Every structure is written in C-alpha cells, then in structure tokens.
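Chemist: Sharing a structure here in structure tokens format.
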Amino acid sequence: MAPVSYLTNPALPTVRPGYRGNKLFGNEFANGEDLFEPSFATVLKWQLTANPQKAEKKRDAWAPAVVDCAGALAAADDVLIWLGHSSFVLRAAGRTLLFDPVLFSSVGLRRRHPLPCRPEALVGIDYLLLSHGHRDHLDEPSLRLLARQNPAMQVLSSLKMAPLLHGMAPGLAVQEAGWWQQYDLGPGAPLEIYYLPASHWHRRGLLDLNRVLWGSFLIKTADKLLYFAGDTAYGDHFEQIERRFGPLDVVLMPIGAYKPAFMMAKSHVNPHEAAKAANVLRAGHLVPMHYGTFNLSDEPASEPLRQLTEIAAGGLLRGALHAPAVGEALPWAAWE
C-alpha cells in the first residue's frame, strides 16, 4: 500500500477551514479521498464494444456556428468568448483571462470547426488558467505561442504542474495551487481567483498517471462569481463549493464526452448531470462547454446541446441557458 500524504502550497491561503490539502497515495493524487486509476482494459473494452449510435453519429455533421471575435478581443468590454471545447477568453474587472486554450488540431484531436480568431490575436492575456493536464485542455504548441505573445502573462494552475509547463515553455511564471486555495494576484488586484475541486484524473504519458493535480476555478469580482468547472464527473464537490461560496452567478459547465458510460461516467458529466450540478451551485446562468469541437466519445455531435436545451425547456434548469456561437461575445457582467 502506497504511503498517504497531503500536499498544499504553503505560500497560498486555504479558504476551507480544516482542509489538510490534496491527498496523495505515493506520488499519485487522489480524486478527493479515493485513488482513481483509469485502466487500459476499459479503453480496450470501448474499442471492442459496438456503439449502438454508430450510424446516427456518422450522419450527425452538426458543429457549432462560428463568428469572428477579433473585434471583441480588441475592445475593452467585460465579455466572455467561447473559442471552442473548453477554451474561453474572459475579460473581468479590466483583466483578461484565458482558460484551457487548445488552438490547433493535433494527432487524435482534429478541430471540427475553425478557431474564431487568428491565434496571433490572443495578446494582452494577464492570466492563463489551466485546469488540468489532459491534451484537450493543455496543448504544447498553443502554450508556446501564447508565452511568446504574452511575456507578462501569469499561469495559474495546479500542484506539480510547473515542471510540465516549463518543459514546454521555459521561463513561464507559474503559480501552483491545491484545492480550496486562493492565488496571489498582488496587492490591489480587482478580482480574486480560487482553485477548487473536480472529479477527474491526470495522464499525458505512460508513467505520469495522476502525478499532476486537476481542478476547477472560481473568479470573484466586486459583484459577480463565475465558475469554470474544468473536466469533472458528478460529485459532492459541487455541494461543497456552493456551501463555501453561495449562489454562483455564471457557471461554465462541460456537457459532452459521456458515452459509453462505463468509460466516461467517472471522468465527465452528461447533460442531465451538468444541469443538476448547475442547480446545486444555484447558478443564475449556465454556459455549456466541452462539446462540438473534438470527437472524443460515442454520442452524436449534436446530442449534448440538444439534451441540455430540452432540459432547460422543460423547466428543469434553475438558471438561464446561454449556448453561444463559437466566437460570440457574451456580456456576462450585465446578466442579472
């Protein structure tokens, strides 16, 4: 049995009273209290199991609409811009944040729609927020490009992430946090950013299973709370976050890559679970993500958003649903 320890960043404040830090079994981060190790046997089972929606998925050519966002990027308004998958630009309190940018196609990750701007337009980034290390959230060419274009950019991420990032772009300013920790943005910062739990895991290679922490983000301005859920299965962390921070104004929640359930249920929420999580968080507004951009799973491309739209239309979603086009600028700060 691997020895158990707890890790946190002692330079950062922990906002949950009594929290000891993230639990590790040897060198592997736990998924909360328990160790979760996805197996290659499950992947093999997926490859050998027929997809009952195979024909439907093949016919489903839906992809999100795309609009050019160059003008919105150049303006100074507080906006939220979806770049596809889980990548967003957020302008809040005069600062520009970029979440989980994957700007290019790569082997196994071919974009099904174009980026809504030239990658070179992503300048003036104050904070790059990286929820975890999976390749559809952390892309080396994207990271190198952003580092070159934004020399003053600070990266806010998770425990043990810095060595991975410095191997891609040496010299990056990286701040690591454990769950329930607040990043140090310096005196007089107009917002607060916290790293919070998610139910997920880490792997980029054969020998690094769970060696880097995963999580979610909360951004607090003078009058708004915005939550980025990262990649997550459904879990009690949503209740814990609501108890600590109260009703959330805007929630960015994944809705795709949930079939087959035997492989995906411990990694991703489905649309019904996403709506349930948003309701538990008492979210005023829900913006879906993690669908439509990459082919990662067995459900047809249009199914996640269609199901979530039906859930909202049936009155089962507490908050308002906003499903933007890729590149559309959402005036989130003006939402009631």
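All residue names refer to the structure tokens as shown: chains lettered A, B, ... in order, residues numbered from 1 in each chain, ligands numbered from 1 in order.
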Quick one: which stretch 114-134 of chain A residues come within 10 Å of stretch 196-203 of chain A, and what is the nearest atom pair for each with the distance in Å to one decimal, counting only C-alpha atoms, rows ordered by chain and ascending number, as a Markdown table?
Modeler:
```
| residue | atom | partner | partner_atom | distance |
| --- | --- | --- | --- | --- |
| A:Ser131 | CA | A:Ala198 | CA | 9.2 |
| A:His132 | CA | A:His202 | CA | 7.1 |
| A:Gly133 | CA | A:His202 | CA | 6.2 |
| A:His134 | CA | A:Arg203 | CA | 6.4 |
```
Chemist: What does the file look like for those residues with N, CA and C atoms, as a PDB file, in the first residue's frame?
Modeler:
```
ATOM      1  N   SER A 131      -6.764  24.157 -16.107  1.00  0.00           N
ATOM      2  CA  SER A 131      -7.453  23.348 -15.109  1.00  0.00           C
ATOM      3  C   SER A 131      -6.769  22.017 -14.846  1.00  0.00           C
ATOM      4  N   HIS A 132      -6.186  21.421 -15.893  1.00  0.00           N
ATOM      5  CA  HIS A 132      -5.502  20.139 -15.725  1.00  0.00           C
ATOM      6  C   HIS A 132      -4.677  19.845 -16.971  1.00  0.00           C
ATOM      7  N   GLY A 133      -4.027  18.681 -16.982  1.00  0.00           N
ATOM      8  CA  GLY A 133      -3.009  18.435 -17.985  1.00  0.00           C
ATOM      9  C   GLY A 133      -3.406  17.596 -19.170  1.00  0.00           C
ATOM     10  N   HIS A 134      -4.662  17.206 -19.315  1.00  0.00           N
ATOM     11  CA  HIS A 134      -5.043  16.419 -20.486  1.00  0.00           C
ATOM     12  C   HIS A 134      -4.850  17.219 -21.774  1.00  0.00           C
TER      13      HIS A 134
END
```
Chemist: Mind checking DSSP for stretch 17-261 of chain A and telling me the alpha helix (DSSP H) residues as a PyMOL selection string?
Modeler: chain A and resi 40-48+54-59+70-74+140-149+162-168+237-245+261
Chemist: Could you dump the residues just selected with N, CA and C atoms as a compact mmCIF listing (two decimals), in the first residue's frame?
Modeler:
```txt
# COMPACT_ATOMS: atom_id res chain seq x y z
N PHE A 40 -6.31 0.74 -19.04
CA PHE A 40 -6.30 0.49 -20.48
C PHE A 40 -7.29 -0.61 -20.84
N ALA A 41 -7.64 -1.47 -19.88
CA ALA A 41 -8.63 -2.51 -20.14
C ALA A 41 -9.98 -1.89 -20.48
N THR A 42 -10.31 -0.78 -19.83
CA THR A 42 -11.57 -0.09 -20.13
C THR A 42 -11.53 0.48 -21.54
N VAL A 43 -10.39 1.06 -21.93
CA VAL A 43 -10.26 1.58 -23.28
C VAL A 43 -10.38 0.45 -24.30
N LEU A 44 -9.77 -0.69 -24.01
CA LEU A 44 -9.86 -1.84 -24.91
C LEU A 44 -11.31 -2.32 -25.03
N LYS A 45 -12.02 -2.35 -23.89
CA LYS A 45 -13.43 -2.74 -23.92
C LYS A 45 -14.23 -1.78 -24.81
N TRP A 46 -13.91 -0.49 -24.73
CA TRP A 46 -14.58 0.51 -25.57
C TRP A 46 -14.34 0.22 -27.05
N GLN A 47 -13.10 -0.10 -27.39
CA GLN A 47 -12.78 -0.37 -28.79
C GLN A 47 -13.46 -1.62 -29.32
N LEU A 48 -13.72 -2.57 -28.43
CA LEU A 48 -14.29 -3.85 -28.85
C LEU A 48 -15.81 -3.89 -28.72
N LYS A 54 -23.79 4.26 -33.61
CA LYS A 54 -22.75 4.46 -34.61
C LYS A 54 -23.29 5.10 -35.88
N ALA A 55 -24.40 4.59 -36.40
CA ALA A 55 -24.95 5.13 -37.65
C ALA A 55 -25.46 6.55 -37.45
N GLU A 56 -26.11 6.79 -36.32
CA GLU A 56 -26.60 8.13 -36.02
C GLU A 56 -25.44 9.12 -35.90
N LYS A 57 -24.39 8.69 -35.23
CA LYS A 57 -23.23 9.57 -35.07
C LYS A 57 -22.59 9.88 -36.43
N LYS A 58 -22.51 8.89 -37.30
CA LYS A 58 -21.90 9.10 -38.61
C LYS A 58 -22.69 10.11 -39.43
N ARG A 59 -24.02 10.08 -39.29
CA ARG A 59 -24.87 11.02 -40.04
C ARG A 59 -24.85 12.43 -39.46
N ALA A 70 -12.52 38.93 -33.54
CA ALA A 70 -11.40 39.87 -33.50
C ALA A 70 -11.80 41.20 -32.89
N GLY A 71 -12.98 41.71 -33.26
CA GLY A 71 -13.43 42.99 -32.72
C GLY A 71 -13.65 42.93 -31.23
N ALA A 72 -14.24 41.85 -30.74
CA ALA A 72 -14.48 41.72 -29.30
C ALA A 72 -13.18 41.59 -28.53
N LEU A 73 -12.21 40.91 -29.11
CA LEU A 73 -10.91 40.79 -28.45
C LEU A 73 -10.20 42.13 -28.35
N ALA A 74 -10.39 42.98 -29.35
CA ALA A 74 -9.70 44.27 -29.37
C ALA A 74 -10.38 45.30 -28.49
N GLU A 140 0.75 21.87 -26.17
CA GLU A 140 2.08 22.46 -26.16
C GLU A 140 2.27 23.56 -27.21
N PRO A 141 1.89 23.37 -28.49
CA PRO A 141 2.05 24.48 -29.45
C PRO A 141 1.28 25.73 -29.04
N SER A 142 0.09 25.55 -28.50
CA SER A 142 -0.70 26.70 -28.04
C SER A 142 0.01 27.41 -26.90
N LEU A 143 0.53 26.64 -25.96
CA LEU A 143 1.20 27.23 -24.80
C LEU A 143 2.44 28.02 -25.23
N ARG A 144 3.22 27.45 -26.15
CA ARG A 144 4.44 28.13 -26.60
C ARG A 144 4.09 29.43 -27.32
N LEU A 145 3.08 29.39 -28.17
CA LEU A 145 2.67 30.60 -28.89
C LEU A 145 2.21 31.68 -27.93
N LEU A 146 1.38 31.31 -26.97
CA LEU A 146 0.87 32.29 -26.01
C LEU A 146 1.97 32.87 -25.15
N ALA A 147 2.95 32.04 -24.78
CA ALA A 147 4.07 32.53 -23.99
C ALA A 147 4.88 33.56 -24.77
N ARG A 148 5.08 33.32 -26.06
CA ARG A 148 5.83 34.27 -26.88
C ARG A 148 5.07 35.59 -27.02
N GLN A 149 3.76 35.50 -27.21
CA GLN A 149 2.95 36.69 -27.47
C GLN A 149 2.58 37.47 -26.23
N ALA A 162 4.02 22.94 -12.70
CA ALA A 162 5.09 23.81 -13.20
C ALA A 162 6.16 23.05 -13.99
N PRO A 163 6.66 21.89 -13.52
CA PRO A 163 7.68 21.20 -14.32
C PRO A 163 7.18 20.81 -15.71
N LEU A 164 5.94 20.39 -15.83
CA LEU A 164 5.38 20.04 -17.13
C LEU A 164 5.34 21.27 -18.04
N LEU A 165 4.89 22.40 -17.50
CA LEU A 165 4.79 23.62 -18.31
C LEU A 165 6.16 24.16 -18.68
N HIS A 166 7.11 24.12 -17.76
CA HIS A 166 8.44 24.65 -18.05
C HIS A 166 9.17 23.78 -19.07
N GLY A 167 8.78 22.51 -19.18
CA GLY A 167 9.32 21.68 -20.25
C GLY A 167 8.82 22.09 -21.62
N MET A 168 7.70 22.77 -21.66
CA MET A 168 7.13 23.26 -22.92
C MET A 168 7.56 24.68 -23.23
N HIS A 237 -18.43 17.57 -4.64
CA HIS A 237 -17.69 18.83 -4.60
C HIS A 237 -18.56 20.01 -5.00
N PHE A 238 -19.60 19.77 -5.79
CA PHE A 238 -20.49 20.87 -6.16
C PHE A 238 -21.22 21.41 -4.92
N GLU A 239 -21.68 20.51 -4.06
CA GLU A 239 -22.32 20.94 -2.82
C GLU A 239 -21.33 21.67 -1.92
N GLN A 240 -20.11 21.17 -1.86
CA GLN A 240 -19.09 21.81 -1.02
C GLN A 240 -18.79 23.23 -1.51
N ILE A 241 -18.70 23.40 -2.83
CA ILE A 241 -18.42 24.72 -3.39
C ILE A 241 -19.58 25.67 -3.12
N GLU A 242 -20.81 25.19 -3.27
CA GLU A 242 -21.96 26.04 -3.00
C GLU A 242 -22.00 26.45 -1.53
N ARG A 243 -21.69 25.52 -0.63
CA ARG A 243 -21.70 25.87 0.80
C ARG A 243 -20.66 26.92 1.12
N ARG A 244 -19.53 26.88 0.45
CA ARG A 244 -18.45 27.83 0.77
C ARG A 244 -18.69 29.19 0.12
N PHE A 245 -19.21 29.22 -1.11
CA PHE A 245 -19.29 30.48 -1.85
C PHE A 245 -20.71 30.97 -2.10
N ALA A 261 -20.94 5.12 -21.00
CA ALA A 261 -20.92 5.48 -19.58
C ALA A 261 -19.91 4.65 -18.79
```
Chemist: Determine the nearest neighbour of A:Lys23 from the options A:Tyr127, A:Trp332, A:Phe217, A:Trp179, counting only C-alpha atoms.
Modeler: A:Trp179
Chemist: Could you list, as JSON, numbers by chain, every residue within 9 Å of stretch 223-232 of chain A, counting only C-alpha atoms and ignoring same-chain residues fewer than 4 positions away?
Modeler: {"A": [86, 99, 100, 130, 131, 132, 137, 196, 197, 198, 199, 200, 201, 214, 215, 216, 217, 218, 219, 245, 247, 248, 249, 250, 251, 252, 253, 254, 266, 267, 268, 269, 290, 333]}
Chemist: May I ask for the distance between atom CA of A:Arg112 and atom CA of A:His322, given in Å to one decimal place?
Modeler: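 We find that atom CA of A:Arg112 and atom CA of A:His322 lie 20.9 Å from each other.
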Chemist: Which residues are near A:Val326? Cut-off 6 Å, only C-alpha atoms, ignore same chain within fewer than 4 positions. Put them as a PyMOL selection string.
Modeler: chain A and resi 66+82-84
Chemist: Restricting the output to N, CA and C atoms, write the selected residues as an mmCIF file, in the first residue's frame.
Modeler:
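That gives us selection.cif:
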```
data_model
loop_
_atom_site.group_PDB
_atom_site.id
_atom_site.type_symbol
_atom_site.label_atom_id
_atom_site.label_comp_id
_atom_site.auth_asym_id
_atom_site.auth_seq_id
_atom_site.Cartn_x
_atom_site.Cartn_y
_atom_site.Cartn_z
ATOM 1 N N VAL A 66 -19.780 29.547 -36.028
ATOM 2 C CA VAL A 66 -18.572 30.299 -35.701
ATOM 3 C C VAL A 66 -18.708 31.725 -36.211
ATOM 4 N N TRP A 82 -16.356 32.148 -26.165
ATOM 5 C CA TRP A 82 -16.043 30.722 -26.300
ATOM 6 C C TRP A 82 -15.212 30.517 -27.554
ATOM 7 N N LEU A 83 -14.042 29.900 -27.401
ATOM 8 C CA LEU A 83 -13.168 29.587 -28.527
ATOM 9 C C LEU A 83 -13.360 28.163 -29.031
ATOM 10 N N GLY A 84 -14.268 27.432 -28.402
ATOM 11 C CA GLY A 84 -14.490 26.021 -28.734
ATOM 12 C C GLY A 84 -13.982 25.128 -27.625
#
```
Chemist: Residues of stretch 108-334 of chain A in strand (DSSP E) according to DSSP, as a PyMOL selection string?
Modeler: chain A and resi 127-129+154-158+173-177+181-182+192-196+216-220+225-228+250-254+285-289+320-321+329-330
Chemist: Could you turn the residues from that selection into a file that holds C-alpha atoms, as an mmCIF file, in the first residue's frame?
Modeler:
```cif
data_model
loop_
_atom_site.group_PDB
_atom_site.id
_atom_site.type_symbol
_atom_site.label_atom_id
_atom_site.label_comp_id
_atom_site.auth_asym_id
_atom_site.auth_seq_id
_atom_site.Cartn_x
_atom_site.Cartn_y
_atom_site.Cartn_z
ATOM 1 C CA TYR A 127 -3.767 35.222 -16.588
ATOM 2 C CA LEU A 128 -3.674 31.830 -18.294
ATOM 3 C CA LEU A 129 -5.798 29.392 -16.281
ATOM 4 C CA GLN A 154 0.967 34.616 -15.390
ATOM 5 C CA VAL A 155 -0.104 30.970 -15.437
ATOM 6 C CA LEU A 156 -2.455 29.853 -12.676
ATOM 7 C CA SER A 157 -2.704 26.094 -12.360
ATOM 8 C CA SER A 158 -2.424 23.087 -10.086
ATOM 9 C CA ALA A 173 5.577 32.482 -14.478
ATOM 10 C CA VAL A 174 3.572 29.624 -12.950
ATOM 11 C CA GLN A 175 1.636 29.677 -9.706
ATOM 12 C CA GLU A 176 0.555 26.264 -8.412
ATOM 13 C CA ALA A 177 -2.415 25.814 -6.092
ATOM 14 C CA GLN A 181 -6.562 27.752 -2.317
ATOM 15 C CA GLN A 182 -6.583 31.388 -3.419
ATOM 16 C CA GLU A 192 -9.911 37.033 -6.749
ATOM 17 C CA ILE A 193 -9.214 33.607 -8.252
ATOM 18 C CA TYR A 194 -9.542 30.291 -6.416
ATOM 19 C CA TYR A 195 -8.598 26.732 -7.378
ATOM 20 C CA LEU A 196 -11.368 24.310 -6.416
ATOM 21 C CA SER A 216 -11.741 23.943 -11.328
ATOM 22 C CA PHE A 217 -11.655 27.737 -10.941
ATOM 23 C CA LEU A 218 -13.756 30.410 -9.283
ATOM 24 C CA ILE A 219 -13.364 34.055 -10.318
ATOM 25 C CA LYS A 220 -14.741 36.648 -7.917
ATOM 26 C CA LEU A 225 -18.970 34.938 -9.100
ATOM 27 C CA LEU A 226 -18.006 32.971 -12.222
ATOM 28 C CA TYR A 227 -17.167 29.267 -12.013
ATOM 29 C CA PHE A 228 -15.228 27.196 -14.580
ATOM 30 C CA VAL A 250 -22.272 32.247 -14.064
ATOM 31 C CA VAL A 251 -21.204 28.620 -14.416
ATOM 32 C CA LEU A 252 -19.174 27.246 -17.344
ATOM 33 C CA MET A 253 -20.056 23.550 -17.306
ATOM 34 C CA PRO A 254 -18.940 20.632 -19.527
ATOM 35 C CA HIS A 285 -26.604 31.402 -15.759
ATOM 36 C CA LEU A 286 -25.170 28.286 -17.404
ATOM 37 C CA VAL A 287 -22.793 28.369 -20.369
ATOM 38 C CA PRO A 288 -22.061 24.848 -21.720
ATOM 39 C CA MET A 289 -18.646 23.744 -22.936
ATOM 40 C CA ALA A 320 -30.763 30.762 -17.742
ATOM 41 C CA LEU A 321 -29.064 28.761 -20.502
ATOM 42 C CA ALA A 329 -19.098 37.810 -27.141
ATOM 43 C CA LEU A 330 -21.406 37.286 -24.168
#
```
Chemist: Give me the residues within 10 Å of A:Glu303 as a PyMOL selection string, counting only C-alpha atoms and dropping any in the same chain fewer than 2 places off.
Modeler: chain A and resi 57+60+62+255-256+271+291-292+299-301+305-309
Chemist: Rounded to one decimal in Å, what is the spacing between atom CA of A:Leu138 and atom CA of A:Leu103?
Modeler: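 Atom CA of A:Leu138 sits 9.9 Å away from atom CA of A:Leu103.
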Chemist: Have a look at A:Asp68, A:Glu120, A:Glu273, A:Glu33 and name the one nearest to A:Gly327; count only C-alpha atoms.
Modeler: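 Of A:Asp68, A:Glu120, A:Glu273, A:Glu33, the one nearest A:Gly327, counting only C-alpha atoms, is A:Asp68.
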Chemist: Work out how far apart atom CA of A:Val4 and atom CA of A:Asn27 are and give it in Å to one decimal.
Modeler: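 Atom CA of A:Asn27 lies at a distance of 9.1 Å from atom CA of A:Val4.
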